[in-house]
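Chemist: Structure below; questions to follow.
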Amino acid sequence: MACSSDDNVEYKGTTTFVFKHHWNGINITQSDFNDFKFTNENGDKLSIEKLRYLISDITFHKSNGEKIVIEGYQLVDLSRTESLSYETSLKIPFDDYSDIEITFGFDKEDNIDGNYLDLNAASWNVPSMLGGGYHYMQFEGKFEDNTSTNIGFQYHAIRAVDNSGSVPVFKETYINKKLGAIKLTNDATIEIKMNIAEWFKTPNTWDLNELHSMMMPDYNAQIMINENGQNVFSIGEISQ
């Protein structure tokens, strides 16, 4: 009797995700930091000094509606080479999958204030006055403003909160992104690519002269970040 993929380790494999970064197709590594070599859609010339973001609950979908969820997360930090590779502990059955889905940030169920010791140690927490929980992204650098002065920007993504009334109003702004189909036949290494330029591009052309700091308490800015983040991620090379 043939063994099913669900009960025999021979038919399951290790999956490793490798995070790659680019600016409209031009690869970016830490060696590109602190250099005014990028120009966003608005024409702002900028440098990158920090890029950290959270990926959680990677999910393999089958066409029949079944799914395999890898419970856990990876804090990707472009300045830490070891964080750019994420080997999952769950063995994935060899099969056809209609989609791989990632979560940018934490969903509501996982975004529990102070719950993750490693993220606490990494200063990944969101202040209690903004609702607590955790960041989704910290993206920082400098840009040349309209007077050719170098100004710092802090493009930070969190759950949106409106504190203008007597009771805070929250909106979930994590992103579930489906990356496409895959057929697993062996241990696999899968690239997940971030186009950093997209954070400034679609559908909101981002003007850093107008919005470069204090984004965390800005409800509308967080909504705009969420909208621009819908097309940031894509799947790259798959090695098996």
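Note on naming: chains are A, B, ... as they come in the structure tokens, residues start from 1 per chain, ligands start from 1 in the order shown.
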Find the residues near range 205-218 of chain A: any atom within 6 Å, counting only C-alpha atoms, skip ones fewer than 4 places away on the same chain, and give them as a PDB file with N, CA and C atoms, in the first residue's frame.

Modeler:
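Output contents, as saved in out-v6.pdb:
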```
ATOM      1  N   ASN A  42       8.079  60.007  -6.910  1.00  0.00           N
ATOM      2  CA  ASN A  42       7.844  61.444  -6.814  1.00  0.00           C
ATOM      3  C   ASN A  42       9.050  62.265  -7.248  1.00  0.00           C
ATOM      4  N   ASP A 145      15.512  67.203   0.370  1.00  0.00           N
ATOM      5  CA  ASP A 145      14.245  67.918   0.300  1.00  0.00           C
ATOM      6  C   ASP A 145      14.277  68.985  -0.785  1.00  0.00           C
ATOM      7  N   PHE A 153      14.089  60.253   7.083  1.00  0.00           N
ATOM      8  CA  PHE A 153      12.705  59.778   7.022  1.00  0.00           C
ATOM      9  C   PHE A 153      12.585  58.490   7.824  1.00  0.00           C
ATOM     10  N   GLN A 154      11.393  58.297   8.401  1.00  0.00           N
ATOM     11  CA  GLN A 154      11.071  57.092   9.167  1.00  0.00           C
ATOM     12  C   GLN A 154       9.747  56.544   8.637  1.00  0.00           C
ATOM     13  N   PHE A 200       6.751  53.570  -2.276  1.00  0.00           N
ATOM     14  CA  PHE A 200       6.560  54.984  -2.595  1.00  0.00           C
ATOM     15  C   PHE A 200       5.709  55.198  -3.857  1.00  0.00           C
ATOM     16  N   LYS A 201       5.104  54.152  -4.369  1.00  0.00           N
ATOM     17  CA  LYS A 201       4.690  54.210  -5.767  1.00  0.00           C
ATOM     18  C   LYS A 201       3.198  54.079  -6.042  1.00  0.00           C
TER      19      LYS A 201
END
```

Chemist: What lies within 12 Å of range 180-188 of chain A using only C-alpha atoms, ignoring chain neighbours under 3 positions off, as a PyMOL selection string?

Modeler: chain A and resi 5+9-18+59-63+86-88+90-102+177+191-192+233-240

Chemist: Which distance in Å separates CA of Trp23 in chain A and CA of Arg80 in chain A, to one decimal?

Modeler: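 Value for the CA of Trp23 in chain A-CA of Arg80 in chain A distance: 19.0 Å.
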
Chemist: Please provide as a ChimeraX atom specification all residues within 9 Å of Ser47 in chain A, with the sequence filter that same-chain residues fewer than 2 positions apart are discarded (counting only C-alpha atoms).

Modeler: /A:32-39,45,49,140-143

Chemist: Got time to write the residues from that selection, C-alpha atoms, as a PDB file, in the first residue's frame?

Modeler:
```
ATOM      1  CA  ASP A  32      23.999  49.920  -0.754  1.00  0.00           C
ATOM      2  CA  PHE A  33      23.139  51.658   2.533  1.00  0.00           C
ATOM      3  CA  ASN A  34      23.912  55.342   3.158  1.00  0.00           C
ATOM      4  CA  ASP A  35      24.233  56.173  -0.526  1.00  0.00           C
ATOM      5  CA  PHE A  36      21.895  58.575  -2.338  1.00  0.00           C
ATOM      6  CA  LYS A  37      21.443  56.194  -5.254  1.00  0.00           C
ATOM      7  CA  PHE A  38      17.671  55.785  -5.312  1.00  0.00           C
ATOM      8  CA  THR A  39      14.941  58.038  -6.710  1.00  0.00           C
ATOM      9  CA  LYS A  45      16.435  61.276  -4.169  1.00  0.00           C
ATOM     10  CA  GLU A  49      19.902  53.296   6.367  1.00  0.00           C
ATOM     11  CA  GLU A 140      14.572  54.568   7.450  1.00  0.00           C
ATOM     12  CA  GLY A 141      17.022  56.706   5.542  1.00  0.00           C
ATOM     13  CA  LYS A 142      17.542  60.241   4.263  1.00  0.00           C
ATOM     14  CA  PHE A 143      16.203  62.221   1.324  1.00  0.00           C
TER      15      PHE A 143
END
```

Chemist: With distances taken over only C-alpha atoms, which residue among A:Asn150, A:Ser79, A:Asn176, A:Asn226 lies nearest Glu198 in chain A?

Modeler: A:Asn226

Chemist: Quick one: DSSP strand (DSSP E or B) residues in range 30-228 of chain A, as an MDAnalysis selection string?

Modeler: chainID A and resid 38:39 45:61 67:77 85:87 92:93 96:97 99:104 125 134 137:144 150:157 160:162 169:171 175:178 182:183 188:195

Chemist: Which is closest to Gly131 in chain A among A:Gly114, A:Gly65, A:Gly105, A:Gly229, if we use only C-alpha atoms?

Modeler: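 The closest residue to Gly131 in chain A is A:Gly114.
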
Chemist: To one decimal place in Å, what is the distance between CA of Asp162 in chain A and CA of Glu227 in chain A?

Modeler: 17.3 Å

Chemist: In range 98-216 of chain A, what's helix (DSSP H, G or I) per DSSP? Answer as a PyMOL selection string?

Modeler: chain A and resi 117-121+128-130+196-200

Chemist: Selection from above, N, CA and C atoms, as a short mmCIF file (atom, residue, chain, number, x, y, z; two decimals), in the first residue's frame, can you write it?

Modeler:
```
data_model
loop_
_atom_site.label_atom_id
_atom_site.label_comp_id
_atom_site.auth_asym_id
_atom_site.auth_seq_id
_atom_site.Cartn_x
_atom_site.Cartn_y
_atom_site.Cartn_z
N LEU A 117 9.51 37.44 23.26
CA LEU A 117 10.70 37.93 23.95
C LEU A 117 11.77 38.41 22.98
N ASP A 118 11.95 37.69 21.87
CA ASP A 118 12.99 38.09 20.92
C ASP A 118 12.64 39.42 20.25
N LEU A 119 11.38 39.65 19.96
CA LEU A 119 10.96 40.91 19.36
C LEU A 119 11.03 42.05 20.38
N ASN A 120 10.74 41.74 21.63
CA ASN A 120 10.91 42.76 22.68
C ASN A 120 12.36 43.20 22.75
N ALA A 121 13.28 42.22 22.70
CA ALA A 121 14.70 42.52 22.79
C ALA A 121 15.18 43.31 21.58
N SER A 128 2.45 51.81 23.97
CA SER A 128 1.09 51.54 24.45
C SER A 128 0.12 52.65 24.05
N MET A 129 0.60 53.89 23.95
CA MET A 129 -0.27 55.00 23.56
C MET A 129 -0.79 54.85 22.13
N LEU A 130 -0.11 53.98 21.35
CA LEU A 130 -0.55 53.70 19.98
C LEU A 130 -1.19 52.32 19.88
N ILE A 196 11.48 47.53 -3.03
CA ILE A 196 11.41 48.64 -2.08
C ILE A 196 10.79 49.88 -2.72
N ALA A 197 11.01 50.07 -4.01
CA ALA A 197 10.47 51.24 -4.70
C ALA A 197 8.95 51.31 -4.61
N GLU A 198 8.28 50.15 -4.52
CA GLU A 198 6.82 50.12 -4.49
C GLU A 198 6.23 50.79 -3.25
N TRP A 199 6.99 50.87 -2.17
CA TRP A 199 6.45 51.54 -0.98
C TRP A 199 6.14 53.01 -1.26
N PHE A 200 6.75 53.57 -2.28
CA PHE A 200 6.56 54.98 -2.60
C PHE A 200 5.71 55.20 -3.86
#
```
